[in-house]
Amino acid sequence: MSAYTKAQPGSHHEAHDEDRAHELPYATQVRANRLGLWLFFISEFFLFGALLITRFYLWNVPGVGQTRPELSQELGLITTSILLLSSFFVYRGETAMTFGDRKTFTQSYLLAALLGLLFFVGVVVMEWNLFGLTLNMFGIEWFGHLKPSDGVHGGVFYMMTGMHALHVISGVGLLLIAWNRGRKGMYSVERHWGVEGIALYWHYVDVVWIFFYPALYLIGKAV
Amino acid sequence: MRTLGIIINSAYVRGLIGQAIFTFAGIGLVGGIRSAMGLETNVEPGVVLGAILGVIGFLLFAGVLTDWLKWIAGKKTPLRHGVPEGKPGWSRYLNVDVNHKVIGIQYGYTSILVLLVGGIFALVFRLELAQPGIQLLDAKTYNTLFSAHGIVMIASILLGVGAMTNYLVPLMIGASDMAFPRLNAFSYWVGIPAVVLILSGMVVGGWDTGWVGYPPLSLRAPLGVVLFLMGFYLNGLSSIASSINLLVTVSFMRAKGMTPFRMPIFVWAAVATSLIQFTATQTVGVALTLNVMERVAGLTFFNPTNGGDPVLYQHLFWFYSHPVVYVFVLPGLGIISELLPVFSRKPLFGYKWIALSSLGIAFVGFLVWAHHMFTSGMNDALRIPFMMATMFVAIPTGVKFFSWVATMWEGKLSFETPMLFVLGAISVFLIGGVTGPILGTIPTDLHLHDSYWVVGHFHATMFGGFIFPFFAAIYYWFPKITGRMYKESLGKLHFWLMVPGFWIMSLGQMQIGLLGMRRRIVDYEAVLGVQGTQVLITIAALVIGWSVLIMVYNLVSSARSKEMAVTNPWGSRSPEWQIPYPVPEFNYDVPFEVVGDPYDYGLDGSEYVHTQAAPVPSGD
Amino acid sequence: MGKAKHYIAVTVLIIAATLVLRFFVLGPLYRLPMAASKEAGPIDVMFDAHFWLISFLFALIMVFMLYAAVVFRRKPGDDEMGPYVHGNTGLEIAWTILPTVIVIGFGVWGAVMLNELTTPNPQEMTIRVWGQQWAWLFEYPEQGNVTTPDLVLPLNQPIVLEMESRDVLHSFWIPEFRVKQDLLPGRKTYLRFTPTEPGDYEVRCAEICGLQHAVMIAQVHVLDEAGFAAWADERMAAPAYADMTPVERGQVWYTEFGCNACHSVDGTALAGPTWQAMYNHEAQLTDGSTATVDDAYIRESIVNPNLKIVTGFAANVMPQDFETRMAEKETAVLASEGVQLDIIADIIAYIQTIE
Ligand code: HEA
Ligand code: HEA
Ligand code: CUA
Ligand SMILES: [Cu+2]
């Protein structure tokens with residue numbers, strides 16, 4: 001049951017280091033980190049769940065049923081695809097690291113971070129239309145028109161996309177940190193919890209969007 | 001002089017300076033941008049950003065984030081251990097330290113300090129309530145005081161829970177520390193700017209929403225409400241981080257042979273508590289965030305004039321704030337279960353039932369939140385299932401009571417201060433508990449809701465489930481923490497003052513509630529016929545206040561005495577009592593192995609933990 | 001056997017303690033206000049049952065605990081352990097099942113009673129209730145829509161309140177009637193009861209609603225059938241607005257729109273400046289300037305209360321919808337009486353008279 005054994009000074013995989021003598025053995029620490037991260041996801045599940053509940057509660061109009069704001073479908077689809085693509089690269093990078101292919105790993109993480117940033121721009125600059133622009137090209141409305149003050153539709157939409165965007169932008173930061181550390185050769189095949197943890201986080205943020213996207217763009221009558 | 005230097009250079013002072021600088025920077029930044037953009041003057045967005053930045057400033061200046069920032073920059077950071085070079089031992093407690101025992105003690109004294117602050121608020125508004133009419137406070141001050149009293153006390157409880165779980169759990173399961181020591185420090189330190197935010201909310205206009213912050217009132221309340229909501233939010237953040245830490249610690253760091261049903265019972269309580277904390281807290285976070293956003297950024301969620309719904313807030317709020325009352329009490333009930341066998345010299349009766357009842361309470365606690373909303377105008381069809389679920393919480397709670405009584409039965413009871421507080425806790429929590437079902441059945445709640453009956457009910461549950469057991473724990477583990485014994489006579493005096501004080505206060509509150517005394521009013525009419533009781537409650541409150549001061553004096557003066565306490569004054573079987581003072585930096589220099597059950601008092605030749613060899617002197 | 005002695009003693013003590021608690025503690029000390037509605041009857045029965053339960057459970061645990069503390073205390077010099085007893089599954093099951101039965105019983109009882117409390121009665125009379133910071137207003141749709149700041153109720157007549165708030169949450173509570181219901185803005189809530197005792201009571205707002213929550217109280221008068229009919233007739237026959245002087249009308253508006261919640265006429269400072277001797281005096285404003293309280297100033301302050309704030313008072317306290325509400329009332333009076341009123345002018349006229 002109990003996996004905890006004390007790090008023995010001078011044991012074969014752990015060089016003697018007075019500062020670290022009392023830290024958990026790496027394998028145990030990684031398992032602990034993993035559990036901690038999953039618990040964090042469960043915790044965040046309640047955050048996003050509460051936002052989803054808010055959405056279904058407030059966008060339910062008696063006599064009409066579920067509603068949603070009129071949004072640019074194409075824009076939503078594009079940003080969603082970008083995010084999903086980024087998840088693929090994160091997956092690729094993490095797998096590469098487990099095989100010791102550092103180059104593929106750093107490249108993929110950098111690419112994923114850029115895609116994540118693109119998604120962020122797609123939401124914050126284009127969908128939120130931070131700068132009040134208009135552009136109609138290829139029959140697509142490239143900048144959103146929904147304002148935060150547009151009743152419950154605006155409120156919930158901005159809150160949900162905003163909360164998600166906050167996670168995306170922090171995820172981008174983490175990907176860049178992993179990329180930077182990877183570049184400096186700080187991960188090895190045996191020791192790359194950072195790479196793994198960030199990948200898990202990124203996939204999680206993606207999964208959240210898979211629930212948010214239909215809730216915001218697809219379900220309910222557009223009004 | 002040196003002492004002063006250490007204090008001025010402590011993480012608290014540095015943090016507060018950082019918080020101040022960043023807060024004003026944030027306010028200035030938003031103010032500047034807004035005036036550059038020609039927007040109308042509205043300080044609130046600036047205050048919100050200032051508050052957020054201020055917290056970051058606090059953490060940065062205090063040094064909580066240092067290791068993580070270095071990690072980002074790609075530097076290795078060893079955990080800092082032991083007393084800092086050339087500084088006195090106590091200076092550890094004023095600075096960021098990652099040792100769970102230090103953090104536990106930091107939680108502990110912060111909790112007591114915050115309790116005193118919240119208590120002073122209560123004493124002040126109790127003086128006002130002693131007489132009908134308005135003597136001392138105007139309505140605005142009164143509203144701010146009771147609102148702050150509620151949330152400050154709750155912050156104090158959360159800190160106290162952190163004190164008990166942090167100090168005790170790693171010791172009890174034989175871990176060297178928590179699984180994430182830096183996160184542990186973060187959880188504690190983020191609570192300090194939270195309290196600062198709440199208290200500064202009182203200065204900048206106060207607020208009048210109570211600790212619940214219901215909209216639409218919170219949308220029009222004075223500026224203070226924003227700081228209150230954000231401080232509340234940060235407390236939640238701290239809870240989430242520390243509960244995840246605890247769950248991981250208990251999962252991976254138990255000593256050899258410590259199967260789940262061989263853990264000290266308090267650990268079960270801590271686990272059940274953490275299960276609530278790391279999930280439900282997020283929803284109140286959402287409720288508070290939406291509230292702030294609606295107020296400050298013009299989004300709509302709760303204000304019906306723009307299509308929002310105020311009842312939604314209540315659902316989100318109580319989905320956390322009901323379960324959180326079990327966060328307040330489960331660790332305390334764990335302490336009761338932990339101490340009773342020791343002072344009864346008898347095994348804990350029905351260990352497994354008690355352990356599982358904690359989980360049962362935590363679970364059922366998730367299904368009852370709307371009993372705070374029976375009169376809120378929510379859908380009628382929902383009221384009955386929530387009434388049913390509420391009644392069910394009585395069942396696992398009852399299991400605990402009956403098992404406690406059975407533990408004491410035919411034991412060999414002795415009555416040192418910790419045991420007195422345990423018995424006090426049982427009786428007080430009992431009166432709090434049995435005054436719950438009458439609130440749970442809707443027809444009676446229609447009369448009692450928002451009356452002083454509720455006030456009496458929850459002071460009893462919180463005193464019985466938290467304050468009394470917390471005090472018991474402080475006295476009980478005091479020799480472990482300080483190596484000194486507290487003064488028994490003063491401990492008993494504290495108890496015998498606090499018990500009647502409490503009973504008069506809480507029973508009095510219930511009595512005037514039945515008669516029609518509403519909550520949250522600065523003034524009541526003489527016709528209610530509650531005046532005599534009100535005076536009694538105020539006197540009782542003062543007595544409680546004195547008794548707590550006696551405890552503080554006792555703890556401080558005893559800690560400074562020369563005389564050392566014996567290693568295991570209570571004859572406990574728990575592992576932390578098997579090693580002498582001081583507890584080594586990493587708890588057990590020689591890991592122990594669990595070879596028996598924790599509470600087998602009276603079973604001849606039984607052993608709970610087994611230490612193989614004597615520690616080899618480390619030669620430093 | 002020695003053991004049986006303990007159990008007999010404890011049983012006797014529990015019974016005694018339960019009775020003492022019920023009859024000598026809860027009985028005399030924990031009293032409800034008089035019961036003045038039909039609903040109070042069954043609810044009080046339930047209170048009584050709960051008091052029995054509280055007395056019994058408290059006695060049960062406390063007697064065991066204190067008995068153990070006294071009888072099983074450790075004698076000086078005794079360092080023996082207690083008996084090695086670590087559980088009893090039968091007992092655990094028993095004390096799980098028994099409370100379950102009790103709480104299910106209470107739950108079902110509560111559900112049935114709640115159903116009775118909320119079912120509409122075909123004979124019920126509707127009264128509309130408006131809550132606003134910090135005043136009540138009652139409207140009688142079946143009595144020609146008369147409105148009053150006091151709640152007047154006919155004896156033994158089933159009542160349904162149709163309630164709505166104009167701003168924040170409030171809660172309608174008459175302790176003597178035992179029932180309570182929140183008022184929400186933007187949504188109607190309902191409360192049903194039948195007054196059974198003539199007399200005077202008070203509605204007290206039970207939900208924190210800001211600064212003056214404590215004084216959000218309205219008088220309640222329960223009159224017998226004849227009395228109520230007389231009252232209603234008198235109110236319905238009240239002089240048409242057209243026949244009243246502006247000052248008289250202003251006085252009506254003063255309570256009808258809830259001005260009285262925040263503006264006294266006797267010099268007391270409430271949430272807003274007093275109206276006493278206000279007219280034509282200088283007001284010191286928060287922006288440092290002063291203003292003369294004349295017709296234009298008063299009109300502006302009602303229509304747009306946040307524009308100028310007198311020092312010592314807070315912005316955002318006064319409702320901002322008076323213009324619409326007054327316009328609605330003017331339209332209603334125009335429809336029923338054919339006169340076009342200017343409510344603000346009436347109020348100004350009234351203010352001028354307050355010295
Ligand atoms: C530490 C905190 C704590 C605890 C443990 C509890 C425990 C319980 N509470 Fe309490 N409660 C609060 C803190 C707590 N409460 C607070 C703070 C509020 C007010 C919030 C606010 O508005 O500000 C509140 C308000 C509150 C309300 C809303 C009242 C209102 O505003 O109208 C209700 C309604 O159902 C309620 C019910 C209960 C019940 C049924 C329990 C049960 O868990 C009690 C179970 C225990 C027992 C019943 C006793 C022991 C059992 C036995 C001996 C077995 C046999 C028992 C039976 C057969 C019944 N509580
Ligand atoms: C742990 C929680 C806790 C604790 C311990 C207390 C303790 C006390 N509470 Fe509290 N109370 C709440 C939690 C708590 N309360 C909550 C959550 C609310 C609801 C708020 C709301 O409605 O929103 C509430 C509301 C509340 C009300 C209702 C207010 C209202 O609705 O208008 C009242 C009224 O009597 C009251 C009284 C008291 C009193 C007299 C004490 C006493 O026990 C206090 C005893 C005093 C001390 C412990 C302080 C001792 C200190 C000194 C004597 C000074 C020394 C100074 C220095 C050393 C610097 N409380
Ligand atoms: Cu209206 Cu309180
Ligand atoms: Cu509750």
# chains A, B, ... in the order shown; residues from 1 in each chain; ligands from 1
>>> residues_around(residues="range 68-73 of chain C", least_positions_apart="6", cutoff="6 Å", atoms="only C-alpha atoms", output="JSON, numbers by chain")
{"B": [409, 410, 411, 412, 413, 414]}
>>> residues_near_ligand(ligand="ligand 2", cutoff="7 Å", atoms="only C-alpha atoms and all ligand atoms", output="ChimeraX atom specification")
/B:115-120,122-123,126,146-147,149-151,153-154,156-157,210-212,455,459,462-463,467,502,505,509,519-522,537-538,541-542,544-546,548-549
>>> residues_around(residues="range 334-345 of chain B", least_positions_apart="5", cutoff="7 Å", atoms="only C-alpha atoms", output="number ranges by chain")
B: 265-266, 269, 404, 407-408, 411-414, 419, 422, 469, 473, 570, 572, 599, 601; C: 81-82
>>> write_last_selection(atoms="C-alpha atoms", output="PDB file, in the first residue's frame")
ATOM      1  CA  ILE B 265      -9.018   8.683  13.347  1.00  0.00           C
ATOM      2  CA  PHE B 266      -8.182  12.355  12.964  1.00  0.00           C
ATOM      3  CA  ALA B 269     -11.574  13.465   9.454  1.00  0.00           C
ATOM      4  CA  TRP B 404     -18.314   8.558  21.741  1.00  0.00           C
ATOM      5  CA  THR B 407     -16.175   4.864  24.257  1.00  0.00           C
ATOM      6  CA  MET B 408     -16.486   6.591  27.590  1.00  0.00           C
ATOM      7  CA  GLY B 411     -13.670   3.642  30.893  1.00  0.00           C
ATOM      8  CA  LYS B 412     -11.248   5.176  33.342  1.00  0.00           C
ATOM      9  CA  LEU B 413     -11.953   8.833  32.738  1.00  0.00           C
ATOM     10  CA  SER B 414      -9.663  11.598  33.820  1.00  0.00           C
ATOM     11  CA  MET B 419     -10.653  16.242  28.179  1.00  0.00           C
ATOM     12  CA  VAL B 422     -13.716  17.457  24.654  1.00  0.00           C
ATOM     13  CA  PRO B 469     -12.164  20.893  20.024  1.00  0.00           C
ATOM     14  CA  ALA B 473      -6.230  20.232  20.639  1.00  0.00           C
ATOM     15  CA  TRP B 570      -1.237  11.629  28.338  1.00  0.00           C
ATOM     16  CA  SER B 572      -1.144   8.188  24.202  1.00  0.00           C
ATOM     17  CA  TYR B 599      -6.632   2.628  20.023  1.00  0.00           C
ATOM     18  CA  TYR B 601      -5.927   0.638  25.105  1.00  0.00           C
TER      19      TYR B 601
ATOM     20  CA  MET C  81      -6.680   0.584  31.488  1.00  0.00           C
ATOM     21  CA  GLY C  82     -10.395   0.361  30.848  1.00  0.00           C
TER      22      GLY C  82
END
>>> residues_near_ligand(ligand="ligand 4", cutoff="8 Å", atoms="only C-alpha atoms and all ligand atoms", output="ChimeraX atom specification")
/B:318,321-323,325,365,368-372
>>> write_last_selection(atoms="C-alpha atoms", output="compact mmCIF listing (two decimals), in the first residue's frame")
# COMPACT_ATOMS: atom_id res chain seq x y z
CA TRP B 318 -24.70 27.40 -0.68
CA SER B 321 -21.27 27.12 2.05
CA HIS B 322 -23.34 24.31 3.34
CA PRO B 323 -20.66 21.64 2.87
CA VAL B 325 -19.90 23.87 7.71
CA GLY B 365 -23.51 17.35 3.03
CA VAL B 368 -28.63 19.57 1.23
CA TRP B 369 -27.48 23.04 0.33
CA ALA B 370 -30.87 24.44 -0.53
CA HIS B 371 -32.11 24.14 3.06
CA HIS B 372 -30.77 27.67 3.42
>>> interface_residues(of="chain C", to="chain B", cutoff="7 Å", atoms="only C-alpha atoms", output="number ranges by chain")
C: 30-33, 43, 47, 50, 54, 58, 62, 64-65, 68-69, 72-74, 81-88, 95-96, 99-100, 103, 107, 110-111, 113-114, 168, 175, 178-182, 185-186, 189, 206-214, 316
>>> closest_residue(among="B:Gly46, B:Ser239, B:Phe22, B:Ala36", to="Phe61 in chain B", atoms="only C-alpha atoms")
B:Phe22
>>> interface_residues(of="chain B", to="chain A", cutoff="7 Å", atoms="only C-alpha atoms", output="list in words")
Ile72, Gly74, Pro78, Leu79, Ala179, Ile244, Asn245, Val248, Phe252, Met253, Arg254, Ala255, Lys256, Phe278, Thr279, Gln282, Thr283, Val286, Gly298, Leu299, Thr300, Phe301, Asn306, Gly307 and Gly308 of chain B
>>> select_by_dssp(residues="range 17-78 of chain A", states="alpha helix (DSSP H)", output="ChimeraX atom specification")
/A:26-58,73-78
>>> write_last_selection(atoms="N, CA and C atoms", output="compact mmCIF listing (two decimals), in the first residue's frame")
# COMPACT_ATOMS: atom_id res chain seq x y z
N TYR A 26 12.42 10.39 -6.46
CA TYR A 26 11.80 10.99 -7.64
C TYR A 26 10.55 10.24 -8.08
N ALA A 27 10.63 8.92 -8.11
CA ALA A 27 9.49 8.14 -8.60
C ALA A 27 8.25 8.41 -7.74
N THR A 28 8.44 8.45 -6.43
CA THR A 28 7.30 8.72 -5.56
C THR A 28 6.80 10.15 -5.78
N GLN A 29 7.74 11.06 -5.90
CA GLN A 29 7.33 12.45 -6.09
C GLN A 29 6.51 12.60 -7.36
N VAL A 30 6.91 11.90 -8.42
CA VAL A 30 6.15 12.02 -9.66
C VAL A 30 4.75 11.46 -9.49
N ARG A 31 4.67 10.34 -8.79
CA ARG A 31 3.33 9.79 -8.57
C ARG A 31 2.49 10.75 -7.75
N ALA A 32 3.12 11.36 -6.78
CA ALA A 32 2.40 12.35 -5.97
C ALA A 32 1.97 13.54 -6.83
N ASN A 33 2.89 14.00 -7.65
CA ASN A 33 2.55 15.12 -8.52
C ASN A 33 1.36 14.77 -9.41
N ARG A 34 1.42 13.56 -9.95
CA ARG A 34 0.36 13.15 -10.86
C ARG A 34 -0.98 13.17 -10.14
N LEU A 35 -1.02 12.57 -8.96
CA LEU A 35 -2.28 12.56 -8.22
C LEU A 35 -2.71 14.00 -7.91
N GLY A 36 -1.74 14.79 -7.50
CA GLY A 36 -2.08 16.18 -7.18
C GLY A 36 -2.69 16.88 -8.37
N LEU A 37 -2.12 16.65 -9.53
CA LEU A 37 -2.62 17.32 -10.72
C LEU A 37 -4.03 16.83 -11.05
N TRP A 38 -4.24 15.53 -10.92
CA TRP A 38 -5.59 15.03 -11.21
C TRP A 38 -6.60 15.56 -10.20
N LEU A 39 -6.19 15.67 -8.96
CA LEU A 39 -7.11 16.25 -7.98
C LEU A 39 -7.42 17.70 -8.35
N PHE A 40 -6.40 18.39 -8.83
CA PHE A 40 -6.62 19.76 -9.28
C PHE A 40 -7.63 19.79 -10.43
N PHE A 41 -7.53 18.82 -11.34
CA PHE A 41 -8.50 18.78 -12.44
C PHE A 41 -9.92 18.55 -11.91
N ILE A 42 -10.04 17.63 -10.97
CA ILE A 42 -11.37 17.38 -10.40
C ILE A 42 -11.90 18.67 -9.78
N SER A 43 -11.00 19.35 -9.08
CA SER A 43 -11.39 20.60 -8.46
C SER A 43 -11.86 21.61 -9.50
N GLU A 44 -11.07 21.75 -10.54
CA GLU A 44 -11.43 22.70 -11.60
C GLU A 44 -12.69 22.27 -12.34
N PHE A 45 -12.94 20.96 -12.35
CA PHE A 45 -14.16 20.48 -12.95
C PHE A 45 -15.37 21.15 -12.30
N PHE A 46 -15.26 21.38 -10.99
CA PHE A 46 -16.37 22.04 -10.32
C PHE A 46 -16.47 23.51 -10.73
N LEU A 47 -15.33 24.12 -10.99
CA LEU A 47 -15.34 25.50 -11.46
C LEU A 47 -16.04 25.59 -12.82
N PHE A 48 -15.56 24.78 -13.75
CA PHE A 48 -16.16 24.84 -15.09
C PHE A 48 -17.59 24.32 -15.07
N GLY A 49 -17.83 23.33 -14.22
CA GLY A 49 -19.19 22.82 -14.09
C GLY A 49 -20.13 23.91 -13.62
N ALA A 50 -19.69 24.67 -12.64
CA ALA A 50 -20.54 25.74 -12.13
C ALA A 50 -20.82 26.77 -13.22
N LEU A 51 -19.82 27.03 -14.06
CA LEU A 51 -20.04 27.98 -15.14
C LEU A 51 -21.04 27.41 -16.15
N LEU A 52 -20.91 26.11 -16.44
CA LEU A 52 -21.86 25.50 -17.38
C LEU A 52 -23.27 25.54 -16.81
N ILE A 53 -23.37 25.26 -15.52
CA ILE A 53 -24.70 25.30 -14.90
C ILE A 53 -25.27 26.71 -15.00
N THR A 54 -24.42 27.69 -14.73
CA THR A 54 -24.87 29.08 -14.85
C THR A 54 -25.41 29.33 -16.25
N ARG A 55 -24.69 28.83 -17.24
CA ARG A 55 -25.10 29.04 -18.62
C ARG A 55 -26.46 28.40 -18.89
N PHE A 56 -26.63 27.13 -18.46
CA PHE A 56 -27.90 26.46 -18.78
C PHE A 56 -29.04 27.03 -17.94
N TYR A 57 -28.72 27.57 -16.79
CA TYR A 57 -29.73 28.17 -15.94
C TYR A 57 -30.19 29.50 -16.51
N LEU A 58 -29.24 30.32 -16.90
CA LEU A 58 -29.59 31.69 -17.29
C LEU A 58 -30.05 31.79 -18.74
N GLN A 73 -20.32 31.53 -36.41
CA GLN A 73 -20.05 30.10 -36.32
C GLN A 73 -18.68 29.76 -36.86
N GLU A 74 -18.32 30.41 -37.96
CA GLU A 74 -17.05 30.07 -38.59
C GLU A 74 -15.89 30.37 -37.65
N LEU A 75 -15.96 31.54 -37.02
CA LEU A 75 -14.90 31.92 -36.10
C LEU A 75 -14.76 30.89 -34.99
N GLY A 76 -15.90 30.49 -34.43
CA GLY A 76 -15.87 29.49 -33.36
C GLY A 76 -15.22 28.20 -33.82
N LEU A 77 -15.60 27.79 -35.01
CA LEU A 77 -15.06 26.54 -35.54
C LEU A 77 -13.56 26.64 -35.75
N ILE A 78 -13.14 27.79 -36.27
CA ILE A 78 -11.71 27.94 -36.54
C ILE A 78 -10.91 27.92 -35.25
>>> atom_distance(atom1="CA of Ile344 in chain C", atom2="CA of Ile217 in chain C")
25.4 Å
>>> residues_around(residues="Ser86 in chain A", least_positions_apart="2", cutoff="12 Å", atoms="only C-alpha atoms", output="number ranges by chain")
A: 79-84, 88-93, 108-120, 168, 171-172, 175, 199, 202-203, 205-206
>>> select_by_dssp(residues="range 104-211 of chain A", states="strand (DSSP E or B)", output="JSON, numbers by chain")
{"A": [136, 137, 140, 141]}
>>> write_last_selection(atoms="N, CA and C atoms", output="PDB file, in the first residue's frame")
ATOM      1  N   ASN A 136     -15.352  41.732 -42.967  1.00  0.00           N
ATOM      2  CA  ASN A 136     -16.157  40.670 -43.539  1.00  0.00           C
ATOM      3  C   ASN A 136     -15.430  40.134 -44.747  1.00  0.00           C
ATOM      4  N   MET A 137     -14.890  38.937 -44.634  1.00  0.00           N
ATOM      5  CA  MET A 137     -14.140  38.379 -45.741  1.00  0.00           C
ATOM      6  C   MET A 137     -14.583  36.951 -45.928  1.00  0.00           C
ATOM      7  N   ILE A 140     -17.356  35.548 -43.984  1.00  0.00           N
ATOM      8  CA  ILE A 140     -17.214  35.242 -42.561  1.00  0.00           C
ATOM      9  C   ILE A 140     -17.102  36.551 -41.801  1.00  0.00           C
ATOM     10  N   GLU A 141     -17.820  36.594 -40.697  1.00  0.00           N
ATOM     11  CA  GLU A 141     -17.704  37.751 -39.829  1.00  0.00           C
ATOM     12  C   GLU A 141     -16.504  37.513 -38.920  1.00  0.00           C
TER      13      GLU A 141
END
>>> residues_around(residues="Gly236 in chain B", least_positions_apart="3", cutoff="8 Å", atoms="only C-alpha atoms", output="compact mmCIF listing (two decimals) with N, CA, C and O atoms, in the first residue's frame")
# COMPACT_ATOMS: atom_id res chain seq x y z
N PHE B 232 -12.67 36.67 0.51
CA PHE B 232 -13.35 35.38 0.64
C PHE B 232 -12.81 34.42 -0.43
O PHE B 232 -12.45 33.27 -0.15
N TYR B 233 -12.70 34.91 -1.64
CA TYR B 233 -12.23 34.09 -2.75
C TYR B 233 -10.83 33.54 -2.46
O TYR B 233 -10.55 32.36 -2.67
N SER B 239 -7.76 27.09 0.69
CA SER B 239 -8.36 25.80 1.04
C SER B 239 -8.11 24.77 -0.02
O SER B 239 -7.79 23.61 0.27
N ILE B 240 -8.30 25.16 -1.28
CA ILE B 240 -8.18 24.19 -2.36
C ILE B 240 -6.76 23.65 -2.39
O ILE B 240 -6.53 22.43 -2.41
N THR B 281 -15.37 24.23 -2.94
CA THR B 281 -14.86 25.59 -2.87
C THR B 281 -14.89 26.29 -4.22
O THR B 281 -15.09 27.49 -4.32
N GLN B 282 -14.70 25.51 -5.28
CA GLN B 282 -14.70 26.13 -6.61
C GLN B 282 -16.03 26.81 -6.93
O GLN B 282 -16.05 27.83 -7.61
N GLY B 285 -16.27 30.05 -5.40
CA GLY B 285 -15.37 30.91 -6.16
C GLY B 285 -16.09 31.48 -7.37
O GLY B 285 -16.00 32.68 -7.66
>>> decode(residues="range 152-165 of chain B", atoms="N, CA and C atoms", output="PDB file, in the first residue's frame")
ATOM      1  N   VAL B 152     -14.804  37.014   9.093  1.00  0.00           N
ATOM      2  CA  VAL B 152     -13.515  36.929   9.781  1.00  0.00           C
ATOM      3  C   VAL B 152     -13.462  35.667  10.641  1.00  0.00           C
ATOM      4  N   MET B 153     -14.575  35.368  11.321  1.00  0.00           N
ATOM      5  CA  MET B 153     -14.613  34.152  12.125  1.00  0.00           C
ATOM      6  C   MET B 153     -14.453  32.923  11.245  1.00  0.00           C
ATOM      7  N   ILE B 154     -15.070  32.965  10.070  1.00  0.00           N
ATOM      8  CA  ILE B 154     -14.959  31.809   9.185  1.00  0.00           C
ATOM      9  C   ILE B 154     -13.522  31.678   8.693  1.00  0.00           C
ATOM     10  N   ALA B 155     -12.894  32.810   8.408  1.00  0.00           N
ATOM     11  CA  ALA B 155     -11.481  32.746   8.037  1.00  0.00           C
ATOM     12  C   ALA B 155     -10.676  32.156   9.180  1.00  0.00           C
ATOM     13  N   SER B 156     -11.020  32.550  10.396  1.00  0.00           N
ATOM     14  CA  SER B 156     -10.297  32.021  11.550  1.00  0.00           C
ATOM     15  C   SER B 156     -10.473  30.507  11.642  1.00  0.00           C
ATOM     16  N   ILE B 157     -11.681  30.029  11.383  1.00  0.00           N
ATOM     17  CA  ILE B 157     -11.893  28.581  11.440  1.00  0.00           C
ATOM     18  C   ILE B 157     -11.062  27.889  10.380  1.00  0.00           C
ATOM     19  N   LEU B 158     -11.082  28.420   9.165  1.00  0.00           N
ATOM     20  CA  LEU B 158     -10.331  27.761   8.100  1.00  0.00           C
ATOM     21  C   LEU B 158      -8.850  27.716   8.452  1.00  0.00           C
ATOM     22  N   LEU B 159      -8.344  28.798   9.058  1.00  0.00           N
ATOM     23  CA  LEU B 159      -6.946  28.796   9.485  1.00  0.00           C
ATOM     24  C   LEU B 159      -6.723  27.758  10.579  1.00  0.00           C
ATOM     25  N   GLY B 160      -7.666  27.674  11.502  1.00  0.00           N
ATOM     26  CA  GLY B 160      -7.523  26.712  12.589  1.00  0.00           C
ATOM     27  C   GLY B 160      -7.536  25.282  12.077  1.00  0.00           C
ATOM     28  N   VAL B 161      -8.411  25.023  11.100  1.00  0.00           N
ATOM     29  CA  VAL B 161      -8.438  23.699  10.481  1.00  0.00           C
ATOM     30  C   VAL B 161      -7.089  23.428   9.833  1.00  0.00           C
ATOM     31  N   GLY B 162      -6.544  24.434   9.159  1.00  0.00           N
ATOM     32  CA  GLY B 162      -5.226  24.276   8.550  1.00  0.00           C
ATOM     33  C   GLY B 162      -4.173  23.984   9.603  1.00  0.00           C
ATOM     34  N   ALA B 163      -4.297  24.633  10.756  1.00  0.00           N
ATOM     35  CA  ALA B 163      -3.315  24.405  11.823  1.00  0.00           C
ATOM     36  C   ALA B 163      -3.332  22.946  12.240  1.00  0.00           C
ATOM     37  N   MET B 164      -4.532  22.433  12.479  1.00  0.00           N
ATOM     38  CA  MET B 164      -4.608  21.062  12.986  1.00  0.00           C
ATOM     39  C   MET B 164      -4.165  20.059  11.937  1.00  0.00           C
ATOM     40  N   THR B 165      -4.674  20.207  10.711  1.00  0.00           N
ATOM     41  CA  THR B 165      -4.330  19.195   9.714  1.00  0.00           C
ATOM     42  C   THR B 165      -2.846  19.275   9.364  1.00  0.00           C
TER      43      THR B 165
END
